[in-house]
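Text of coords-v4.cif (mmCIF, C-alpha atoms) as supplied:
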data_data
#
loop_
_atom_site.label_atom_id
_atom_site.label_comp_id
_atom_site.auth_asym_id
_atom_site.auth_seq_id
_atom_site.Cartn_x
_atom_site.Cartn_y
_atom_site.Cartn_z
CA MET W 1 146.41 13.75 56.35
CA THR W 2 150.16 14.30 56.29
CA GLY W 3 151.73 10.87 55.60
CA PRO W 4 151.83 8.88 52.38
CA ALA W 5 148.43 8.06 50.99
CA SER W 6 146.94 5.59 48.55
CA GLU W 7 144.53 6.80 45.90
CA LEU W 8 141.72 4.31 45.67
CA ILE W 9 138.64 3.88 43.52
CA LEU W 10 135.56 2.50 45.25
CA PHE W 11 133.01 0.46 43.33
CA GLN W 12 130.12 -1.89 43.92
CA VAL W 13 129.46 -5.36 42.57
CA GLY W 14 126.10 -6.55 43.84
CA PRO W 15 125.57 -5.33 47.40
CA ARG W 16 129.27 -5.19 48.25
CA THR W 17 131.73 -2.36 47.97
CA PHE W 18 135.32 -2.96 46.90
CA ALA W 19 138.39 -0.80 46.55
CA ALA W 20 141.16 -0.80 43.97
CA VAL W 21 144.20 1.31 43.26
CA VAL W 22 143.20 4.20 40.97
CA HIS W 23 146.35 3.67 38.90
CA ASP W 24 145.00 0.27 37.75
CA ALA W 25 141.93 1.86 36.14
CA ILE W 26 142.50 3.41 32.73
CA ARG W 27 139.08 5.02 32.54
CA ILE W 28 135.50 4.63 33.69
CA GLY W 29 132.53 4.71 31.40
CA SER W 30 129.42 3.14 30.03
CA VAL W 31 129.52 -0.50 28.94
CA ARG W 32 127.05 -0.01 26.07
CA ASP W 33 129.57 0.48 23.30
CA VAL W 34 132.13 -2.05 24.51
CA PRO W 35 132.47 -5.22 22.40
CA PRO W 36 131.15 -8.24 24.35
CA GLU W 37 134.50 -10.03 24.17
CA GLU W 38 136.10 -7.18 26.12
CA LEU W 39 133.52 -7.23 28.92
CA VAL W 40 134.30 -9.02 32.17
CA LEU W 41 131.02 -9.79 33.92
CA GLU W 42 131.57 -12.73 36.25
CA THR W 43 134.56 -12.56 38.54
CA ALA W 44 135.57 -13.72 41.98
CA LEU W 45 133.74 -10.64 43.29
CA GLY W 46 130.43 -11.91 41.95
CA THR W 47 128.14 -10.88 39.13
CA PRO W 48 126.83 -7.31 38.89
CA SER W 49 123.07 -6.91 38.76
CA ALA W 50 122.67 -3.46 37.24
CA CYS W 51 125.78 -3.60 35.03
CA ALA W 52 125.69 0.17 34.94
CA ARG W 53 129.36 1.08 34.65
CA GLY W 54 132.59 -0.28 33.33
CA ILE W 55 136.11 0.10 34.66
CA VAL W 56 138.60 -0.28 31.83
CA VAL W 57 141.65 -2.21 32.99
CA ALA W 58 144.87 -2.97 31.18
CA SER W 59 145.87 -6.60 31.24
CA HIS W 60 149.25 -7.47 32.77
CA ASP W 61 151.00 -7.35 29.42
CA GLU W 62 149.09 -4.13 28.59
CA ALA W 63 148.34 -5.48 25.12
CA VAL W 64 144.63 -5.81 25.74
CA GLU W 65 142.12 -3.62 27.52
CA LEU W 66 139.29 -5.35 29.33
CA THR W 67 136.26 -3.70 30.91
CA LEU W 68 135.22 -4.88 34.35
CA VAL W 69 131.46 -4.49 34.58
CA VAL W 70 130.28 -3.13 37.93
CA ASP W 71 127.03 -1.85 39.34
CA GLN W 72 128.26 1.51 40.50
CA VAL W 73 131.44 3.52 40.80
CA LEU W 74 131.29 5.41 44.07
CA GLY W 75 134.27 7.67 43.49
CA THR W 76 137.82 7.92 44.69
CA ARG W 77 139.29 8.24 48.16
CA SER W 78 142.71 9.19 49.39
CA VAL W 79 143.53 6.84 52.24
CA PRO W 80 146.56 6.97 54.56
CA GLU W 81 148.81 4.02 53.83
CA GLU W 82 148.62 2.80 57.40
CA GLN W 83 144.94 2.08 56.76
CA VAL W 84 145.85 -0.31 53.97
CA GLN W 85 146.63 -3.84 55.17
CA PRO W 86 147.70 -6.94 53.27
CA LEU W 87 145.52 -10.03 53.33
CA PRO W 88 146.29 -12.14 56.41
CA ALA W 89 148.78 -14.86 55.43
CA PHE W 90 146.40 -17.72 56.15
CA ALA W 91 143.61 -16.14 54.09
CA ALA W 92 146.00 -15.42 51.22
CA ALA W 93 147.06 -19.06 51.24
CA CYS W 94 143.47 -20.31 51.09
CA LEU W 95 141.72 -18.07 48.56
CA THR W 96 141.21 -19.45 45.08
CA SER W 97 141.58 -15.96 43.64
CA GLY W 98 144.74 -13.92 43.74
CA ALA W 99 142.81 -10.75 43.01
CA VAL W 100 141.98 -9.94 46.62
CA THR W 101 145.20 -8.50 47.96
CA GLY W 102 144.24 -6.82 51.19
CA PHE W 103 141.98 -4.49 53.07
CA VAL W 104 141.38 -0.81 53.46
CA LEU W 105 140.12 0.21 56.84
CA LEU W 106 137.47 2.84 56.18
CA ASP W 107 135.66 4.10 59.25
CA GLY W 108 137.02 1.03 61.09
CA ASP W 109 135.47 -1.46 58.69
CA PRO W 110 137.64 -3.58 56.39
CA LEU W 111 136.92 -3.03 52.71
CA LEU W 112 138.38 -5.56 50.29
CA LEU W 113 141.24 -4.25 48.17
CA VAL W 114 141.24 -5.77 44.70
CA ASP W 115 144.02 -6.01 42.13
CA LEU W 116 142.08 -5.17 38.97
CA PRO W 117 144.58 -6.55 36.40
CA THR W 118 144.69 -9.88 38.24
CA LEU W 119 140.91 -9.97 38.52
CA VAL W 120 140.31 -9.55 34.80
CA ARG W 121 143.23 -11.85 33.94
CA GLU W 122 141.78 -14.66 36.08
CA ARG W 123 138.48 -14.31 34.28
CA ALA W 124 140.20 -14.24 30.92
CA THR W 125 142.09 -17.43 31.81
CA ALA W 126 138.98 -19.21 33.06
CA VAL W 127 136.65 -18.22 30.20
CA PRO W 128 138.39 -17.88 26.87
CA ALA W 129 136.90 -15.04 24.86
CA MET C 1 133.73 -38.36 70.19
CA ALA C 2 134.83 -41.70 71.60
CA GLU C 3 134.78 -42.08 75.33
CA PRO C 4 138.25 -42.55 76.77
CA LYS C 5 139.00 -45.17 79.40
CA GLU C 6 138.44 -44.26 83.02
CA ALA C 7 141.04 -41.84 84.30
CA GLN C 8 143.70 -43.43 86.48
CA GLN C 9 144.05 -42.18 90.03
CA PRO C 10 147.53 -41.46 91.35
CA GLU C 11 148.79 -44.02 93.84
CA ALA C 12 148.96 -43.05 97.49
CA GLY C 13 152.24 -41.30 98.23
CA ALA C 14 153.12 -40.91 94.56
CA GLN C 15 154.19 -37.55 93.15
CA PRO C 16 151.34 -35.78 91.36
CA ALA C 17 151.61 -36.29 87.62
CA PRO C 18 152.74 -33.22 85.67
CA GLU C 19 149.72 -31.53 84.22
CA ALA C 20 149.31 -30.30 80.69
CA TRP C 21 147.30 -27.18 80.09
CA PHE C 22 144.83 -27.09 77.28
CA PHE C 23 142.41 -24.53 75.96
CA CYS C 24 138.94 -26.04 75.81
CA LEU C 25 135.96 -25.10 73.67
CA ARG C 26 132.63 -26.64 72.75
CA LEU C 27 132.30 -27.72 69.18
CA LEU C 28 130.49 -30.39 67.20
CA GLY C 29 128.46 -31.26 70.28
CA GLY C 30 131.51 -32.12 72.35
CA ARG C 31 134.48 -30.71 74.24
CA TYR C 32 137.61 -30.10 72.21
CA ALA C 33 140.89 -28.63 73.33
CA PHE C 34 144.33 -27.78 72.07
CA GLU C 35 147.67 -26.85 73.61
CA ALA C 36 147.07 -23.71 75.67
CA PRO C 37 150.30 -21.88 74.66
CA LEU C 38 148.94 -21.64 71.11
CA VAL C 39 146.22 -19.25 72.29
CA THR C 40 147.08 -15.59 72.63
CA GLU C 41 143.65 -14.26 73.54
CA VAL C 42 139.91 -14.79 73.31
CA VAL C 43 137.80 -12.14 71.61
CA ARG C 44 134.31 -11.51 70.34
CA LEU C 45 134.10 -11.63 66.58
CA GLY C 46 132.22 -8.45 65.84
CA PRO C 47 131.17 -7.80 62.25
CA LEU C 48 132.53 -10.36 59.82
CA THR C 49 133.73 -9.48 56.33
CA ARG C 50 133.17 -12.33 53.90
CA LEU C 51 135.92 -13.13 51.43
CA PRO C 52 135.22 -13.94 47.79
CA ALA C 53 136.62 -17.23 46.49
CA ALA C 54 137.16 -18.52 50.02
CA PRO C 55 136.67 -22.12 51.15
CA ALA C 56 133.78 -22.80 53.53
CA PHE C 57 136.09 -23.26 56.50
CA LEU C 58 137.23 -19.64 56.06
CA PRO C 59 133.96 -17.75 56.56
CA GLY C 60 135.60 -14.34 56.62
CA VAL C 61 137.81 -11.92 58.47
CA PHE C 62 137.26 -9.43 61.25
CA THR C 63 139.14 -6.50 62.69
CA HIS C 64 140.67 -6.73 66.11
CA ARG C 65 142.67 -3.77 67.44
CA GLY C 66 143.29 -2.58 63.91
CA GLU C 67 144.50 -5.98 62.71
CA VAL C 68 142.56 -8.04 60.19
CA LEU C 69 142.31 -11.68 61.29
CA PRO C 70 141.03 -14.70 59.37
CA VAL C 71 138.37 -16.89 60.96
CA LEU C 72 138.69 -20.69 60.93
CA ASP C 73 135.58 -22.84 61.31
CA VAL C 74 136.82 -26.28 62.33
CA ALA C 75 133.32 -27.79 61.94
CA GLN C 76 133.28 -26.76 58.28
CA LEU C 77 136.76 -28.11 57.73
CA VAL C 78 135.87 -31.58 59.01
CA GLY C 79 132.57 -31.54 57.14
CA GLN C 80 130.37 -31.75 60.20
CA GLY C 81 128.25 -28.61 59.97
CA SER C 82 129.26 -25.11 60.85
CA VAL C 83 129.46 -22.79 63.81
CA THR C 84 126.69 -20.19 63.86
CA LEU C 85 128.50 -16.89 63.54
CA ARG C 86 127.15 -13.85 65.35
CA PRO C 87 128.86 -10.64 66.45
CA SER C 88 128.80 -12.11 69.96
CA THR C 89 130.51 -15.34 68.90
CA ARG C 90 133.80 -15.77 70.69
CA ALA C 91 136.96 -16.82 68.98
CA ALA C 92 140.34 -18.01 70.22
CA ILE C 93 143.19 -16.27 68.45
CA VAL C 94 145.92 -18.82 67.91
CA HIS C 95 149.42 -18.90 66.44
CA CYS C 96 150.22 -22.05 64.50
CA GLY C 97 153.62 -21.72 62.90
CA PRO C 98 153.39 -18.93 60.34
CA TRP C 99 149.61 -18.71 60.58
CA LYS C 100 147.56 -16.55 62.90
CA VAL C 101 143.88 -17.44 62.88
CA ALA C 102 140.77 -17.01 65.02
CA VAL C 103 139.14 -20.36 65.79
CA VAL C 104 135.40 -20.04 66.33
CA SER C 105 133.31 -22.40 68.41
CA ASP C 106 129.84 -22.75 69.87
CA SER C 107 131.21 -21.64 73.24
CA VAL C 108 134.53 -21.17 74.99
CA GLU C 109 135.24 -23.07 78.18
CA GLY C 110 138.77 -21.87 78.90
CA LEU C 111 141.83 -23.53 80.37
CA VAL C 112 141.73 -27.10 81.59
CA ALA C 113 144.53 -29.09 83.21
CA ILE C 114 144.90 -32.79 82.52
CA PRO C 115 147.72 -34.96 83.86
CA ARG C 116 149.78 -36.03 80.87
CA ARG C 117 149.79 -39.66 81.92
CA GLN C 118 146.00 -39.68 81.72
CA LEU C 119 146.05 -38.74 78.07
CA GLU C 120 145.29 -41.64 75.80
CA PRO C 121 145.65 -42.22 72.08
CA PRO C 122 142.72 -41.07 70.00
CA PRO C 123 140.29 -43.57 68.48
CA ALA C 124 141.63 -45.20 65.34
CA GLU C 125 139.37 -43.36 62.92
CA SER C 126 140.62 -41.41 59.98
CA SER C 127 137.59 -39.41 59.02
CA GLY C 128 136.00 -36.22 60.25
CA VAL C 129 137.45 -34.58 63.29
CA ALA C 130 139.06 -37.84 64.45
CA GLU C 131 141.68 -37.30 61.77
CA PHE C 132 142.99 -34.34 63.74
CA LEU C 133 142.97 -35.72 67.26
CA SER C 134 146.25 -36.23 69.05
CA ALA C 135 144.83 -37.61 72.31
CA VAL C 136 141.78 -37.92 74.47
CA GLY C 137 141.64 -37.09 78.14
CA ARG C 138 139.25 -36.47 80.96
CA ASP C 139 138.83 -33.82 83.61
CA ARG C 140 136.13 -33.19 86.21
CA ALA C 141 133.73 -31.95 83.55
CA GLY C 142 134.10 -35.06 81.43
CA ALA C 143 135.85 -36.23 78.30
CA VAL C 144 138.01 -33.86 76.25
CA ALA C 145 139.31 -34.56 72.76
CA ILE C 146 142.70 -32.98 72.14
CA LEU C 147 143.10 -31.46 68.71
CA ASP C 148 146.43 -31.29 66.91
CA LEU C 149 145.73 -27.71 65.94
CA PRO C 150 148.92 -27.01 63.95
CA ARG C 151 148.22 -30.07 61.80
CA LEU C 152 144.59 -29.05 61.41
CA VAL C 153 145.47 -25.53 60.29
CA GLU C 154 148.13 -26.79 57.91
CA THR C 155 145.68 -29.31 56.45
CA ALA C 156 143.14 -26.53 55.93
CA ARG C 157 145.68 -24.51 54.00
CA ALA C 158 146.70 -27.52 51.94
CA ARG C 159 143.10 -28.41 51.09
CA ALA C 160 142.38 -24.95 49.77
CA VAL C 161 143.23 -24.46 46.14
CA PRO C 162 145.86 -21.73 46.06
CA ALA C 163 145.35 -18.82 43.71
CA GLY C 164 146.76 -19.46 40.29
CA SER C 165 146.63 -23.24 40.46
CA GLY C 166 142.88 -23.73 40.13
CA SER C 167 139.99 -22.41 38.12
CA ALA C 168 138.96 -18.89 38.99
#

Can you give me the file's structure in the form of structure tokens?
Amino acid sequence: MTGPASELILFQVGPRTFAAVVHDAIRIGSVRDVPPEELVLETALGTPSACARGIVVASHDEAVELTLVVDQVLGTRSVPEEQVQPLPAFAAACLTSGAVTGFVLLDGDPLLLVDLPTLVRERATAVPA
Amino acid sequence: MAEPKEAQQPEAGAQPAPEAWFFCLRLLGGRYAFEAPLVTEVVRLGPLTRLPAAPAFLPGVFTHRGEVLPVLDVAQLVGQGSVTLRPSTRAAIVHCGPWKVAVVSDSVEGLVAIPRRQLEPPPAESSGVAEFLSAVGRDRAGAVAILDLPRLVETARARAVPAGSGSA
């Protein structure tokens, strides 16, 4: 790989795998010691079943840290930027969530690329803590 | 789909009426078509990736030649069922203004030519698919309902709740 690359974190919510920019994740850890009001369980991606891991995400104003609960963190991948595509315009105009921003083509299959700060912000807006 | 009036035959010695080309597919138990120049190609869907927080008429996206394309299910949009999606399902890739979508159907018939003067106004209904008809016509295979596809796609976009303006 010689061109510019995107560093992505891969994680699972339910049976599906998603990708996000590594930079958006502050840290990854257990959810056991996180106060309930800082946990984000239900999002546009669905509800995790195992709730095994948490991805700590800074909100847009960076004043609050929220923990996105996921079933599994699969690791990170360095992906050539040409394999990252924006959401098709029509799909972007129709989705009720702004958190899905595009796709990563891994082994030819499109994997949803998620904007973590937007995802946790949408949840925070919908369900006041 | 309402039956149109019997097609008129050209008078003896008259110039043949200019024909309009439409792209025809089978949907909702009938034959539907739209302006042929809107279609760029017909492809098989392949594996579909579902989108979270998507309306029912947008069942997912698929990859075609490295490009991710959204799928539009017209049957879902008009509230009259849904197209059964399989990897073998064929889709017509269309350009409607700024939007590029893959319209799925039960089967694809292909190009049909209908003399423009034989096109008639659609039935005066304002519900279901009738809302999006621009004309009805007839060819050798029978009646064809002509969809105003750009209006249909734009209506789909308008009916979806855009991100940030609805509940998550």

Can you translate the PyMOL selection byres ((chain C) within 12 of (chain W)) into the concrete residues it hits in this file, as a PyMOL selection string?
chain C and resi 46-72+94-102+153-168

Can you translate the PyMOL selection byres ((chain C and resi 132-142) around 12) into the concrete residues it hits in this file, as a short mmCIF file (atom, residue, chain, number, x, y, z; two decimals) with C-alpha atoms, in the frame of the given file?
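New file expr-v5.cif:
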data_model
loop_
_atom_site.label_atom_id
_atom_site.label_comp_id
_atom_site.auth_asym_id
_atom_site.auth_seq_id
_atom_site.Cartn_x
_atom_site.Cartn_y
_atom_site.Cartn_z
CA MET C 1 133.73 -38.36 70.19
CA ALA C 2 134.83 -41.70 71.60
CA GLU C 3 134.78 -42.08 75.33
CA PRO C 4 138.25 -42.55 76.77
CA LYS C 5 139.00 -45.17 79.40
CA GLU C 6 138.44 -44.26 83.02
CA ALA C 7 141.04 -41.84 84.30
CA GLN C 8 143.70 -43.43 86.48
CA GLN C 9 144.05 -42.18 90.03
CA GLU C 19 149.72 -31.53 84.22
CA ALA C 20 149.31 -30.30 80.69
CA TRP C 21 147.30 -27.18 80.09
CA PHE C 22 144.83 -27.09 77.28
CA CYS C 24 138.94 -26.04 75.81
CA GLY C 30 131.51 -32.12 72.35
CA ARG C 31 134.48 -30.71 74.24
CA TYR C 32 137.61 -30.10 72.21
CA ALA C 33 140.89 -28.63 73.33
CA PHE C 34 144.33 -27.78 72.07
CA GLU C 35 147.67 -26.85 73.61
CA VAL C 74 136.82 -26.28 62.33
CA ALA C 75 133.32 -27.79 61.94
CA LEU C 77 136.76 -28.11 57.73
CA VAL C 78 135.87 -31.58 59.01
CA GLU C 109 135.24 -23.07 78.18
CA LEU C 111 141.83 -23.53 80.37
CA VAL C 112 141.73 -27.10 81.59
CA ALA C 113 144.53 -29.09 83.21
CA ILE C 114 144.90 -32.79 82.52
CA PRO C 115 147.72 -34.96 83.86
CA ARG C 116 149.78 -36.03 80.87
CA ARG C 117 149.79 -39.66 81.92
CA GLN C 118 146.00 -39.68 81.72
CA LEU C 119 146.05 -38.74 78.07
CA GLU C 120 145.29 -41.64 75.80
CA PRO C 121 145.65 -42.22 72.08
CA PRO C 122 142.72 -41.07 70.00
CA PRO C 123 140.29 -43.57 68.48
CA ALA C 124 141.63 -45.20 65.34
CA GLU C 125 139.37 -43.36 62.92
CA SER C 126 140.62 -41.41 59.98
CA SER C 127 137.59 -39.41 59.02
CA GLY C 128 136.00 -36.22 60.25
CA VAL C 129 137.45 -34.58 63.29
CA ALA C 130 139.06 -37.84 64.45
CA GLU C 131 141.68 -37.30 61.77
CA ALA C 143 135.85 -36.23 78.30
CA VAL C 144 138.01 -33.86 76.25
CA ALA C 145 139.31 -34.56 72.76
CA ILE C 146 142.70 -32.98 72.14
CA LEU C 147 143.10 -31.46 68.71
CA ASP C 148 146.43 -31.29 66.91
CA LEU C 149 145.73 -27.71 65.94
CA PRO C 150 148.92 -27.01 63.95
CA ARG C 151 148.22 -30.07 61.80
CA LEU C 152 144.59 -29.05 61.41
CA VAL C 153 145.47 -25.53 60.29
CA GLU C 154 148.13 -26.79 57.91
CA THR C 155 145.68 -29.31 56.45
CA ALA C 156 143.14 -26.53 55.93
#

Shell of 7 Å around Val79 in chain W, all atoms listed in the file, local chain residues under 4 positions omitted, as a ChimeraX atom specification:
/W:5-7,83

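Closest to Gly29 in chain W among W:Val120, W:Ile55, W:Val69, W:Leu74 is W:Ile55, based on only C-alpha atoms.
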
Give me the residues within 8 Å of Phe11 in chain W as a list in words, counting only C-alpha atoms and dropping any in the same chain fewer than 3 places off.
Thr17, Phe18, Ala19, Val70, Asp71, Gln72, Val73, Leu74 and Gly75 of chain W

Using C-alpha atoms, can you export the residues from the last selection as a compact mmCIF listing (two decimals), in the coordinates of the input?
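Dumped everything to result_21.txt:
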# COMPACT_ATOMS: atom_id res chain seq x y z
CA THR W 17 131.73 -2.36 47.97
CA PHE W 18 135.32 -2.96 46.90
CA ALA W 19 138.39 -0.80 46.55
CA VAL W 70 130.28 -3.13 37.93
CA ASP W 71 127.03 -1.85 39.34
CA GLN W 72 128.26 1.51 40.50
CA VAL W 73 131.44 3.52 40.80
CA LEU W 74 131.29 5.41 44.07
CA GLY W 75 134.27 7.67 43.49

Counting only C-alpha atoms, select every polymer residue within 12 Å of (144.4, -2.8, 26.3) as defined in the file's coordinates, and provide the selection as a count of residues only.
20

What's the 7 Å shell around Thr76 in chain W, counting only C-alpha atoms, without same-chain residues fewer than 4 positions away, as a ChimeraX atom specification?
/W:7-10

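Between Val42 in chain C and the candidates C:Leu25, C:Gly81, C:Asp106, C:Arg90, the tightest atom-to-atom separation, counting all atoms listed in the file, involves C:Arg90.
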
Hey, what comes out of the PyMOL selection byres ((chain C and resi 86) around 8) on this file? Could you write it as a list in words?
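Written out, the selection comes to Leu45, Gly46, Pro47, Thr84, Leu85, Pro87, Ser88 and Thr89 of chain C.
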
Box for range 91-110 of chain C: with edges along x, y and z, all listed atoms inside and 5 Å added on each side, what are the centre and edge lengths in Å to one decimal, as lines of an AutoDock Vina configuration file?
center_x = 141.7
center_y = -19.7
center_z = 69.6
size_x = 33.8
size_y = 16.8
size_z = 28.6

Interatomic distance between CA of Thr118 in chain W and CA of Glu42 in chain W?
13.6 Å

Which value, in Å to one decimal, gives the distance between CA of Leu28 in chain C and CA of Val104 in chain C?
11.5 Å
